[in-house]
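Enquirer: My questions all concern the structure below.
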Amino acid sequence: MPVPLGELALRYGCRLIGDPEQLVFRVATLAAAGPEDLAFLANPQYRRQLTQSAAGAVVLAEEDAGECPGAALIHDNPYAAYARIASELHPPPPARRGIHEAATVSPSATLGEGVSVGPSAVVEARVRIGERTVIGPGAVLGEGAVVGSDCRIGANVTLCHGVRIGRRVIVHPGAVIGADGFGIAREPDGWIKVPQVGGVRVGDDVEIGASTTIDRGAIEDTVVENGVKLDNQIQIAHNVVIGEHTVMAACSGVSGSTRIGKRCMIAGAVGIVGHLEICDDVVITGQTMVSRSLTQPGVYSSALPADAAARWRRNSARFRQLDDMAKRLRRLERAVGETAEDTPQGETDE
Amino acid sequence: MPVPLGELALRYGCRLIGDPEQLVFRVATLAAAGPEDLAFLANPQYRRQLTQSAAGAVVLAEEDAGECPGAALIHDNPYAAYARIASELHPPPPARRGIHEAATVSPSATLGEGVSVGPSAVVEARVRIGERTVIGPGAVLGEGAVVGSDCRIGANVTLCHGVRIGRRVIVHPGAVIGADGFGIAREPDGWIKVPQVGGVRVGDDVEIGASTTIDRGAIEDTVVENGVKLDNQIQIAHNVVIGEHTVMAACSGVSGSTRIGKRCMIAGAVGIVGHLEICDDVVITGQTMVSRSLTQPGVYSSALPADAAARWRRNSARFRQLDDMAKRLRRLERAVGETAEDTPQGETDE
Amino acid sequence: MPVPLGELALRYGCRLIGDPEQLVFRVATLAAAGPEDLAFLANPQYRRQLTQSAAGAVVLAEEDAGECPGAALIHDNPYAAYARIASELHPPPPARRGIHEAATVSPSATLGEGVSVGPSAVVEARVRIGERTVIGPGAVLGEGAVVGSDCRIGANVTLCHGVRIGRRVIVHPGAVIGADGFGIAREPDGWIKVPQVGGVRVGDDVEIGASTTIDRGAIEDTVVENGVKLDNQIQIAHNVVIGEHTVMAACSGVSGSTRIGKRCMIAGAVGIVGHLEICDDVVITGQTMVSRSLTQPGVYSSALPADAAARWRRNSARFRQLDDMAKRLRRLERAVGETAEDTPQGETDE
């Protein structure tokens with residue numbers, strides 16, 4: 001589905017340097033693009049690929065336009081403009097409409113117009129599915145689950161009973177939403193299960209990655225607000241609340257009852273312990289462990305970066321002596337008569 | 001299904017302060033509960049919500065009873081008592097009985113009385129399923145798998161061939177039990193697969209979280225003993241043994257052939273390397289890496305807590321100099337004539 | 001299926017000490033083996049079990065043969081020889097042939113001879129499946145996916161549209177290959193999705209663990225080269241390239257566009273950030289965070305090992321003062337007149 005550059009410029013608010021009649025057919029990387037392809041430049045790391053690119057057109061920022069050998073679509077936010085143009089050039093394949101004969105749909109379920117249910121999918125009693133939503137093959141929607149319009153529920157996804165999903169939500173294959181939270185109570189001879197009677201509420205425009213798990217609440221609901229984007233293999237425990245437009249990269253986990261603010265950016269493999277408050281606009285770098293509430297916006301870290309193993313072994317052995325070293329250092333300072341005037345700095349809190 | 005407080009007190013061994021005829025209908029949090037609801041107080045963090053609560057009744061400990069504005073159900077272990085009462089007020093929905101017509105059950109499988117098999121589920125040859133067990137939609141039970149009575153096998157769960165599951169076991173959606181362990185042998189031109197001919201044995205009263213994976217043994221079985229509770233997205237490698245009543249939080253992983261004792265409590269995102277022994281009654285805090293056997297009960301940790309990124313960067317850069325700093329400190333002590341009398345403390349082992 | 005030792009020696013290039021007519025029936029551990037069983041010794045940790053073993057025969061290295069009480073099959077690489085022999089003694093059960101009547105196979109799919117498709121599996125339009133490949137129950141192969149010959153696609157696996165898998169590939173249950181990469185672009189009022197129009201290419205002889213996820217590329221493909229072995233619950237982001245014969249243990253994750261070389265060995269729970277280059281023959285130990293490119297072969301680490309929590313708390317509190325300690329140390333050295341002659345060592349790079 002080729003589109004003329006002039007139309008793209010108009011539709012997505014770009015300034016065009018080039019021929020408005022020139023067609024682009026698909027997206028490609030700067031390095032691989034040919035004259036029918038549209039590329040983009042958003043990460044300065046790839047700037048030196050621009051001058052060599054054979055791309056028919058490139059979406060980029062004003063300051064890079066001078067280097068562009070072909071047509072340029074100039075936008076303040078070239079990555080977002082690229083995203084919108086790419087969505088037009090590569091629309092999702094039209095979904096099969098209707099209920100596949102190998103799907104199982106309860107007679108008490110309510111399906112909006114244009115809903116698609118794939119083979120081996122299971123839609124249990126009293127489920128409600130909004131218009132044009134696509135239920136992938138093998139997906140299971142438990143009793144009373146509610147899914148809004150224009151959603152894409154991937155293959156082999158499980159939405160447990162009563163889970164409520166908003167509109168335009170994408171759930172990738174293998175995700176599980178609404179399994180019991182991990183509630184157990186200790187007794188002298190073991191653990192007993194604490195019933196998990198809450199649900200899960202997912203807002204509009206949320207994306208949930210493959211094999212991500214979001215548990216139902218113990219009493220009240222687990223909540224994922226509008227616009228949240230979760231990557232693959234994330235674990236969201238019971239009664240967590242994730243604020244609007246917060247994004248989390250793969251393999252991160254949030255323990256029970258923690259509340260995360262709006263617009264946070266949480267990198268991969270981060271662990272956040274339970275019953276904390278993370279305020280709005282917090283950024284957490286990869287593999288960080290968050291064990292206290294974060295009440296100030298800002299960037300937080302805790303993982304050590306990789307080092308050559310021989311040196312790492314020596315240093316990590318010394319880590320076990322660190323408190324001792326600190327005391328010895330203080331003693332030496334006293335012996336030498338040094339005043340450690342900036343010592344307190346190291347002890348102030350963030 | 002409302003229940004009079006007097007009956008609850010009697011059935012669950014609570015001392016009641018209040019009217020034995022008063023009914024409760026459901027559970028609720030202290031903050032949200034109304035006069036028909038039962039709440040509980042177990043975590044002191046929520047104590048200040050008690051006095052304001054409009055709950056009809058609260059399950060709590062003796063020392064909190066004086067603050068309770070409504071009826072009080074007093075118990076030494078209020079969380080466990082709450083769990084039992086909540087199970088009565090919120091019983092799991094009655095399972096559909098019998099084999100759904102869209103399930104595939106091998107004629108050589110043996111199903112106990114009252115077994116339920118959901119749509120799209122697959123029960124392969126020679127599987128045996130105990131009485132009243134519920135097999136969720138899309139679940140797959142491989143050839144010769146054995147599941148005891150009163151189990152709940154969630155939607156899209158996979159039990160591979162020959163896996164053996166005890167009684168009253170809950171397996172949440174998407175879990176995979178009995179996939180091949182990660183056995184590979186190096187050869188000059190790559191790796192070859194080592195057949196995994198062991199199985200998996202899961203005891204009674206075990207709970208296994210969503211998308212948790214438990215691999216089959218290389219030669220002998222991987223074993224999960226009675227009463228173990230595993231949260232979501234846990235990885236248990238081949239030939240691991242997890243002792244009775246041990247609990248593990250989400251995203252933790254145990255490498256091959258490690259044996260974990262009884263009554264251990266392992267927090268989230270913990271990694272335990274292979275071929276270790278973890279003794280009984282060990283507690284491991286979140287994101288810890290266990291790389292040596294732990295032979296003494298106690299609490300173990302290794303993850304650094306999050307810090308403001310600017311300070312963290314400075315400190316983590318210094319970590320690469322830590323061994324060097326230790327040597328310089330020692331040299332200074334010698335120069336100054338200090339005797340570092342408590343140096344050895346830092347080097348002792350746990 | 002008993003096999004005489006003489007045949008095994010001949011077939012797998014072992015030197016036999018013992019009776020070539022003696023039969024072995026199955027594999028067993030050194031500790032549990034009886035006279036009909038074959039055991040192996042590859043890990044020196046188990047050497048002391050050899051002398052007590054009642055195994056009919058043991059596969060081992062030359063230097064251990066003297067201690068072997070029964071027959072010995074001597075090989076330079078006993079673990080690999082054992083792997084091959086075990087594969088002969090324990091062949092995978094013969095797969096059911098053909099398309100199960102409860103599978104859904106598109107009329108436009110092309111299936112090679114001897115293909116098996118299990119119940120509730122779904123094979124979408126234009127899928128191509130090579131000879132003798134087994135598609136497990138509940139697996140979903142999206143539109144246009146291509147799977148080579150002699151593959152085993154496990155139960156409840158999802159291969160998304162257009163994914164290409166080589167020959168002799170094993171994909172364990174619950175894995176998801178080809179879900180959208182995590183591509184989002186920031187706009188003033190939230191995030192928009194960046195279409196993921198690339199695919200996934202998996203080479204020959206690859207093994208992919210249970211619940212592992214491999215995302216499709218943003219524009220070009222995500223690539224897993226020949227002979228790669230991935231354990232369970234691994235996350236491979238969009239546009240990652242994993243070089244031939246690299247192996248990764250469970251729960252590790254690789255962020256977008258990172259390229260990993262050949263023959264790397266990556267332990268469990270390792271996190272590798274995006275847009276990096278990891279050269280050939282790198283070894284990364286468990287729970288390491290790799291945040292810079294690694295350009296030299298060698299072993300890399302960053303996780304601290306578990307310590308008793310009381311000491312760990314003191315030391316991790318001091319970690320927050322480490323930069324401050326380093327400055328104070330330097331000041332003291334100046335005050336005392338020490339020349340820190342080996343200071344630079346700590347600052348050199350790997």
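Ligands are numbered from 1 in the order shown, residues from 1 within each chain, and chains are lettered A, B, ... in the order they appear in the structure tokens.
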If we count only C-alpha atoms and set the cut-off at 8 Å, which residues sit around B:Ala72, ignoring sequence neighbours fewer than 6 positions away in its own chain? Please answer as a ChimeraX atom specification.
Expert: /B:15-18,57-60,65
Enquirer: Can you write just those residues out, N, CA and C atoms, as an mmCIF file, in the first residue's frame?
Expert:
data_model
loop_
_atom_site.group_PDB
_atom_site.id
_atom_site.type_symbol
_atom_site.label_atom_id
_atom_site.label_comp_id
_atom_site.auth_asym_id
_atom_site.auth_seq_id
_atom_site.Cartn_x
_atom_site.Cartn_y
_atom_site.Cartn_z
ATOM 1 N N ARG B 15 -12.457 -15.893 70.002
ATOM 2 C CA ARG B 15 -13.258 -15.320 71.062
ATOM 3 C C ARG B 15 -14.023 -14.147 70.464
ATOM 4 N N LEU B 16 -15.322 -14.150 70.651
ATOM 5 C CA LEU B 16 -16.156 -13.102 70.031
ATOM 6 C C LEU B 16 -16.492 -12.031 71.045
ATOM 7 N N ILE B 17 -16.234 -10.775 70.691
ATOM 8 C CA ILE B 17 -16.800 -9.658 71.437
ATOM 9 C C ILE B 17 -17.840 -9.040 70.522
ATOM 10 N N GLY B 18 -19.111 -9.234 70.857
ATOM 11 C CA GLY B 18 -20.171 -8.741 69.978
ATOM 12 C C GLY B 18 -21.349 -9.696 69.994
ATOM 13 N N ALA B 57 -17.440 -6.619 61.560
ATOM 14 C CA ALA B 57 -16.613 -7.392 62.483
ATOM 15 C C ALA B 57 -15.187 -7.397 61.961
ATOM 16 N N VAL B 58 -14.247 -7.545 62.889
ATOM 17 C CA VAL B 58 -12.843 -7.581 62.523
ATOM 18 C C VAL B 58 -12.180 -8.775 63.215
ATOM 19 N N VAL B 59 -11.418 -9.546 62.454
ATOM 20 C CA VAL B 59 -10.604 -10.614 63.032
ATOM 21 C C VAL B 59 -9.273 -9.983 63.426
ATOM 22 N N LEU B 60 -8.892 -10.132 64.673
ATOM 23 C CA LEU B 60 -7.662 -9.471 65.124
ATOM 24 C C LEU B 60 -7.097 -10.166 66.351
ATOM 25 N N ALA B 65 -7.856 -5.698 70.259
ATOM 26 C CA ALA B 65 -9.314 -5.779 70.402
ATOM 27 C C ALA B 65 -9.905 -4.521 71.019
#
Enquirer: Quick one: which stretch 191-296 of chain B residues come within 12 Å of stretch 271-294 of chain A, and what is the nearest atom pair for each with the distance in Å to one decimal, counting only C-alpha atoms, rows ordered by chain and ascending number, as a Markdown table?
Expert:
| residue | atom | partner | partner_atom | distance |
| --- | --- | --- | --- | --- |
| B:Ala249 | CA | A:Val273 | CA | 10.7 |
| B:Ala250 | CA | A:Gly271 | CA | 10.0 |
| B:Cys251 | CA | A:Gly271 | CA | 9.3 |
| B:Ser252 | CA | A:Gly271 | CA | 11.0 |
| B:Ala267 | CA | A:Val273 | CA | 9.3 |
| B:Gly268 | CA | A:Gly271 | CA | 7.7 |
| B:Ala269 | CA | A:Gly271 | CA | 7.1 |
| B:Val270 | CA | A:Gly271 | CA | 10.2 |
| B:Thr285 | CA | A:Val273 | CA | 10.1 |
| B:Gly286 | CA | A:Val273 | CA | 7.7 |
| B:Gln287 | CA | A:Met289 | CA | 7.1 |
| B:Thr288 | CA | A:Met289 | CA | 9.9 |
Enquirer: Which polymer residues have any atom within 10 Å of an atom of stretch 103-110 of chain A, counting only C-alpha atoms, with same-chain residues fewer than 6 positions away left out, as number ranges by chain?
Expert: A: 117-130, 135-141, 143-146; B: 100-102, 119-120, 137; C: 120
Enquirer: Those residues you just picked out, can you put them in a file as a compact mmCIF listing (two decimals), in the first residue's frame with N, CA and C atoms?
Expert:
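As a result, part.txt now contains:
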# COMPACT_ATOMS: atom_id res chain seq x y z
N VAL A 117 -13.22 -14.76 17.34
CA VAL A 117 -12.74 -15.73 18.33
C VAL A 117 -12.08 -16.87 17.58
N GLY A 118 -10.80 -17.09 17.86
CA GLY A 118 -10.01 -18.07 17.12
C GLY A 118 -10.28 -19.51 17.52
N PRO A 119 -9.76 -20.44 16.74
CA PRO A 119 -9.93 -21.85 17.06
C PRO A 119 -9.32 -22.20 18.41
N SER A 120 -9.92 -23.13 19.10
CA SER A 120 -9.50 -23.61 20.42
C SER A 120 -9.62 -22.56 21.51
N ALA A 121 -10.06 -21.36 21.19
CA ALA A 121 -10.30 -20.37 22.24
C ALA A 121 -11.55 -20.77 23.02
N VAL A 122 -11.60 -20.30 24.27
CA VAL A 122 -12.71 -20.66 25.15
C VAL A 122 -13.24 -19.39 25.80
N VAL A 123 -14.50 -19.13 25.61
CA VAL A 123 -15.15 -17.95 26.20
C VAL A 123 -16.23 -18.48 27.14
N GLU A 124 -16.01 -18.28 28.43
CA GLU A 124 -16.88 -18.90 29.42
C GLU A 124 -18.16 -18.08 29.66
N ALA A 125 -18.94 -18.56 30.58
CA ALA A 125 -20.26 -17.97 30.84
C ALA A 125 -20.16 -16.50 31.23
N ARG A 126 -21.11 -15.73 30.75
CA ARG A 126 -21.29 -14.31 31.13
C ARG A 126 -20.11 -13.41 30.77
N VAL A 127 -19.19 -13.89 29.94
CA VAL A 127 -18.14 -13.01 29.43
C VAL A 127 -18.76 -11.96 28.52
N ARG A 128 -18.20 -10.74 28.56
CA ARG A 128 -18.64 -9.70 27.62
C ARG A 128 -17.43 -9.20 26.83
N ILE A 129 -17.56 -9.18 25.51
CA ILE A 129 -16.45 -8.76 24.64
C ILE A 129 -16.94 -7.63 23.75
N GLY A 130 -16.15 -6.52 23.73
CA GLY A 130 -16.54 -5.33 22.97
C GLY A 130 -16.32 -5.49 21.47
N ILE A 135 -9.98 -12.32 19.69
CA ILE A 135 -9.55 -13.29 20.70
C ILE A 135 -8.73 -14.36 19.97
N GLY A 136 -7.46 -14.49 20.33
CA GLY A 136 -6.56 -15.38 19.61
C GLY A 136 -6.85 -16.85 19.86
N PRO A 137 -6.27 -17.70 19.01
CA PRO A 137 -6.43 -19.15 19.17
C PRO A 137 -5.96 -19.59 20.54
N GLY A 138 -6.69 -20.46 21.16
CA GLY A 138 -6.28 -21.03 22.43
C GLY A 138 -6.42 -20.11 23.62
N ALA A 139 -6.86 -18.88 23.43
CA ALA A 139 -7.05 -17.98 24.57
C ALA A 139 -8.24 -18.44 25.39
N VAL A 140 -8.19 -18.18 26.70
CA VAL A 140 -9.26 -18.59 27.60
C VAL A 140 -9.75 -17.36 28.36
N LEU A 141 -11.03 -17.07 28.26
CA LEU A 141 -11.64 -15.96 29.00
C LEU A 141 -12.57 -16.57 30.04
N GLU A 143 -15.04 -17.07 33.43
CA GLU A 143 -16.41 -16.65 33.71
C GLU A 143 -16.49 -15.18 34.08
N GLY A 144 -17.36 -14.47 33.40
CA GLY A 144 -17.64 -13.09 33.77
C GLY A 144 -16.56 -12.09 33.40
N ALA A 145 -15.52 -12.51 32.69
CA ALA A 145 -14.50 -11.55 32.28
C ALA A 145 -15.11 -10.55 31.30
N VAL A 146 -14.57 -9.32 31.33
CA VAL A 146 -15.08 -8.27 30.46
C VAL A 146 -13.90 -7.69 29.68
N HIS B 100 -16.09 -31.69 29.17
CA HIS B 100 -16.70 -30.80 28.18
C HIS B 100 -16.58 -31.45 26.80
N GLU B 101 -17.56 -31.21 25.98
CA GLU B 101 -17.55 -31.87 24.67
C GLU B 101 -16.40 -31.38 23.79
N ALA B 102 -15.85 -30.20 24.10
CA ALA B 102 -14.73 -29.70 23.32
C ALA B 102 -13.38 -30.07 23.96
N PRO B 119 -13.17 -27.13 28.17
CA PRO B 119 -13.05 -27.12 26.71
C PRO B 119 -11.61 -26.90 26.26
N SER B 120 -11.24 -27.51 25.17
CA SER B 120 -9.90 -27.43 24.57
C SER B 120 -8.83 -28.08 25.44
N PRO B 137 -9.66 -25.09 31.07
CA PRO B 137 -9.69 -25.03 29.61
C PRO B 137 -8.28 -24.92 29.04
N SER C 120 -6.34 -29.80 19.84
CA SER C 120 -6.46 -28.37 20.19
C SER C 120 -5.35 -27.51 19.61
Enquirer: Excluding A:Gly154 and any residue of its chain fewer than 2 positions from it, enumerate the residues within 6 Å of it, using only C-alpha atoms, and give them as an NGL selection string.
Expert: :A and (136 or 157 or 171-173)
Enquirer: How many Å separate atom CA of C:Asn315 from atom CA of A:Ile266?
Expert: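 Straight-line distance from atom CA of C:Asn315 to atom CA of A:Ile266 works out to 26.2 Å.
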Enquirer: Which value, in Å to one decimal, gives the distance between atom CA of C:Pro93 and atom CA of C:Leu73?
Expert: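 Atom CA of C:Pro93 sits 26.2 Å away from atom CA of C:Leu73.
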Enquirer: Of the candidates A:Ala306, A:Ile85, A:Leu10, A:Val169, which one gets nearest to chain B if we count only C-alpha atoms?
Expert: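 The closest residue to chain B is A:Ala306.
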Enquirer: Calculated over only C-alpha atoms, which of the candidates A:Ala335, A:Met325, A:Ala80, A:Ile234 has the smallest distance to chain C?
Expert: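 Using only C-alpha atoms, the shortest distance to chain C belongs to A:Ala80.
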Enquirer: DSSP on the backbone: which residues in stretch 53-135 of chain B end up as strand (DSSP E or B)? Give the answer as number ranges by chain.
Expert: B: 57-60, 71-74, 98-99, 104-105, 110-111, 116-117, 122-123, 128-129, 134-135
